[in-house]
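Asks: Starting off with a structure, shown below.
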Amino acid sequence: QERMVESGGGSVQAGGSLRLSCAGSTYTYSDNCIGWFRQTPGKEREGVAAIYVGSSSTYYADSVEGRFTISQDDAKNMVYLQMNSLKPEDTAMYYCAAKVTPGWHCGVSNRAVFGHWGQGTQVTVSS
């Protein structure tokens with residue numbers, strides 16, 4: 001199965017910024033919903049942000065609203081996650097995925113409808 005490819009993670013101090021990138025293929029990207037999720041050891045993977053590339057509609061978890069921005073580049077089949085005002089609680093492995101279940105709305109509430117998971121990129125925010 002095709003996998004999305006994440007990059008751009010790293011270590012920053014609280015208040016800093018990072019930009020994550022997610023590379024898809026024409027198959028996984030076109031007219032689809034692409035989501036960013038994150039996970040820390042011992043916790044469930046949670047949705048962070050999603051974008052429906054057909055209309056550029058965006059969706060955010062309450063915890064990142066106003067600080068993170070998801071965007072797209074159709075020419076490159078890329079989705080980005082600009083993360084500003086980072087907090088220590090944003091520390092996690094960040095994953096990118098594409099929706100695989102037809103008929104389900106785009107959003108961050110149901111990770112079960114997503115597939116093509118990437119290998120993840122680590123984000124560490126120190127206080």
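By convention in this document, the chains of the structure tokens carry letters A, B, ... by their order, each chain's residues are numbered from 1, and ligands are numbered from 1 in the order they are shown.
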Among the residues of chain A, find those DSSP assigns to alpha helix (DSSP H) from the backbone and print them as a PyMOL selection string.
Replies: chain A and resi 26-29
Asks: Run DSSP on the backbone and tell me which residues of chain A come out as strand (DSSP E or B); list them as number ranges by chain.
Replies: A: 5-7, 10-13, 18-23, 33-39, 46-52, 57-60, 68-73, 78-83, 92-99, 114-115, 121-126
Asks: Show which residues sit within 7 Å of region 87-103 of chain A, as a ChimeraX atom specification. Count only C-alpha atoms, and ignore same-chain residues fewer than 2 positions away.
Replies: /A:4,6,14-15,22,28,32-40,85,105,113-127
Asks: Using N, CA, C and O atoms, can you export the residues from the last selection as a CSV table (one decimal), in the first residue's frame?
Replies:
chain,number,residue,atom,x,y,z
A,4,MET,N,2.2,7.8,2.7
A,4,MET,CA,2.5,9.2,2.7
A,4,MET,C,3.9,9.4,3.3
A,4,MET,O,4.4,8.5,4.0
A,6,GLU,N,6.3,11.9,5.5
A,6,GLU,CA,6.4,13.1,6.3
A,6,GLU,C,7.9,13.6,6.4
A,6,GLU,O,8.8,12.8,6.4
A,14,ALA,N,9.8,26.2,23.4
A,14,ALA,CA,8.4,26.7,23.5
A,14,ALA,C,8.3,28.1,22.9
A,14,ALA,O,9.2,28.9,23.1
A,15,GLY,N,7.2,28.3,22.1
A,15,GLY,CA,7.0,29.6,21.4
A,15,GLY,C,7.6,29.6,20.0
A,15,GLY,O,7.3,30.5,19.2
A,22,CYS,N,4.1,16.8,4.0
A,22,CYS,CA,3.6,15.5,3.7
A,22,CYS,C,3.5,15.3,2.2
A,22,CYS,O,2.8,16.1,1.5
A,28,THR,N,-3.2,9.1,-3.9
A,28,THR,CA,-3.6,9.4,-2.5
A,28,THR,C,-4.0,10.8,-2.3
A,28,THR,O,-4.8,11.1,-1.4
A,32,ASN,N,-9.0,14.5,-2.4
A,32,ASN,CA,-9.0,13.7,-1.2
A,32,ASN,C,-8.9,14.6,0.0
A,32,ASN,O,-8.6,15.8,0.0
A,33,CYS,N,-9.1,14.0,1.2
A,33,CYS,CA,-8.9,14.6,2.5
A,33,CYS,C,-7.6,14.1,3.0
A,33,CYS,O,-7.4,12.9,3.1
A,34,ILE,N,-6.7,15.0,3.4
A,34,ILE,CA,-5.4,14.6,3.9
A,34,ILE,C,-5.4,15.1,5.3
A,34,ILE,O,-5.7,16.3,5.6
A,35,GLY,N,-4.9,14.3,6.3
A,35,GLY,CA,-4.9,14.7,7.7
A,35,GLY,C,-3.6,14.6,8.3
A,35,GLY,O,-2.8,13.7,7.9
A,36,TRP,N,-3.4,15.4,9.4
A,36,TRP,CA,-2.2,15.3,10.2
A,36,TRP,C,-2.7,14.8,11.6
A,36,TRP,O,-3.7,15.3,12.1
A,37,PHE,N,-2.0,13.8,12.1
A,37,PHE,CA,-2.3,13.2,13.4
A,37,PHE,C,-1.0,13.2,14.3
A,37,PHE,O,0.1,13.3,13.7
A,38,ARG,N,-1.2,13.1,15.6
A,38,ARG,CA,0.0,13.0,16.4
A,38,ARG,C,-0.3,11.9,17.5
A,38,ARG,O,-1.4,11.7,17.9
A,39,GLN,N,0.9,11.4,18.0
A,39,GLN,CA,0.8,10.4,19.0
A,39,GLN,C,2.0,10.4,20.0
A,39,GLN,O,3.1,10.6,19.5
A,40,THR,N,1.7,10.3,21.3
A,40,THR,CA,2.8,10.2,22.3
A,40,THR,C,2.6,8.8,22.9
A,40,THR,O,1.6,8.2,22.8
A,85,SER,N,3.8,29.1,17.7
A,85,SER,CA,3.5,29.2,19.2
A,85,SER,C,3.5,27.8,19.8
A,85,SER,O,2.6,27.5,20.6
A,105,HIS,N,-17.1,12.3,5.9
A,105,HIS,CA,-16.7,13.7,5.8
A,105,HIS,C,-15.3,13.9,6.2
A,105,HIS,O,-14.7,13.1,7.0
A,113,VAL,N,-11.0,6.3,9.3
A,113,VAL,CA,-11.3,6.4,7.9
A,113,VAL,C,-10.1,6.8,7.1
A,113,VAL,O,-10.1,7.0,5.9
A,114,PHE,N,-8.9,6.9,7.7
A,114,PHE,CA,-7.7,7.3,7.1
A,114,PHE,C,-6.8,6.1,6.9
A,114,PHE,O,-6.8,5.1,7.7
A,115,GLY,N,-6.0,6.1,5.8
A,115,GLY,CA,-5.0,5.1,5.6
A,115,GLY,C,-3.8,5.7,4.9
A,115,GLY,O,-3.6,6.9,4.9
A,116,HIS,N,-3.0,4.8,4.3
A,116,HIS,CA,-1.7,5.3,3.7
A,116,HIS,C,-0.8,6.0,4.7
A,116,HIS,O,-0.1,7.0,4.3
A,117,TRP,N,-0.8,5.6,5.9
A,117,TRP,CA,-0.1,6.3,7.0
A,117,TRP,C,1.4,6.3,6.7
A,117,TRP,O,2.0,5.3,6.2
A,118,GLY,N,2.0,7.5,6.9
A,118,GLY,CA,3.5,7.6,6.8
A,118,GLY,C,4.2,7.0,8.0
A,118,GLY,O,3.6,6.5,9.0
A,119,GLN,N,5.5,7.2,8.0
A,119,GLN,CA,6.3,6.6,9.1
A,119,GLN,C,6.4,7.6,10.3
A,119,GLN,O,6.8,7.2,11.3
A,120,GLY,N,6.0,8.8,10.1
A,120,GLY,CA,6.0,9.8,11.1
A,120,GLY,C,7.2,10.7,11.2
A,120,GLY,O,8.3,10.3,10.7
A,121,THR,N,7.1,11.8,11.8
A,121,THR,CA,8.2,12.7,12.0
A,121,THR,C,8.1,13.3,13.4
A,121,THR,O,7.0,13.7,13.8
A,122,GLN,N,9.2,13.3,14.2
A,122,GLN,CA,9.2,13.6,15.6
A,122,GLN,C,9.2,15.1,15.8
A,122,GLN,O,10.1,15.8,15.2
A,123,VAL,N,8.4,15.6,16.6
A,123,VAL,CA,8.4,17.0,17.0
A,123,VAL,C,8.6,17.1,18.6
A,123,VAL,O,7.8,16.5,19.3
A,124,THR,N,9.6,17.8,19.0
A,124,THR,CA,9.9,17.9,20.4
A,124,THR,C,10.0,19.4,20.8
A,124,THR,O,10.8,20.1,20.2
A,125,VAL,N,9.2,19.8,21.7
A,125,VAL,CA,9.1,21.2,22.2
A,125,VAL,C,9.6,21.2,23.6
A,125,VAL,O,9.0,20.6,24.5
A,126,SER,N,10.6,22.0,23.9
A,126,SER,CA,11.2,22.1,25.2
A,126,SER,C,10.7,23.4,25.9
A,126,SER,O,10.6,24.4,25.2
A,127,SER,N,10.6,23.3,27.2
A,127,SER,CA,10.1,24.5,27.9
A,127,SER,C,11.3,25.4,28.3
A,127,SER,O,12.4,25.0,28.2
Asks: Enter the distance from CA of Ala112 (chain A) to CA of Leu18 (chain A), in Å, rounded to one decimal.
Replies: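 It comes out at 26.7 Å.
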Asks: I'd like the contact shell of Val53 (chain A) - 9 Å cut-off, only C-alpha atoms, skipping same-chain residues fewer than 4 positions apart - returned as a list in words.
Replies: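 Here the answer would be Tyr29, Ser30, Asp31, Asn32, Cys33, Ile34, Ser57, Thr58, Ser71, Gln72, Asp73, Asp74 and Val79 of chain A.
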Asks: Of the residues A:Phe68, A:Leu86, A:Val108, A:Leu81, which is the one nearest to Leu20 (chain A), using only C-alpha atoms?
Replies: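 Looking only at the distances to Leu20 (chain A), the closest residue turns out to be A:Leu81.
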Asks: Would you kindly return, as a list of chain:residue names, each protein, DNA or RNA residue with an atom no farther than 9 Å from any atom of Val64 (chain A), considering only C-alpha atoms and excluding same-chain residues fewer than 4 positions away?
Replies: A:Val48, A:Ala49, A:Tyr60, A:Phe68, A:Thr69, A:Met83, A:Asp90
Asks: So which one's closest to Gly107 (chain A), A:Gly47, A:Gly16, A:Gly8, A:Gly42? Using only C-alpha atoms, please.
Replies: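 That would be A:Gly47, the residue with the smallest distance to Gly107 (chain A).
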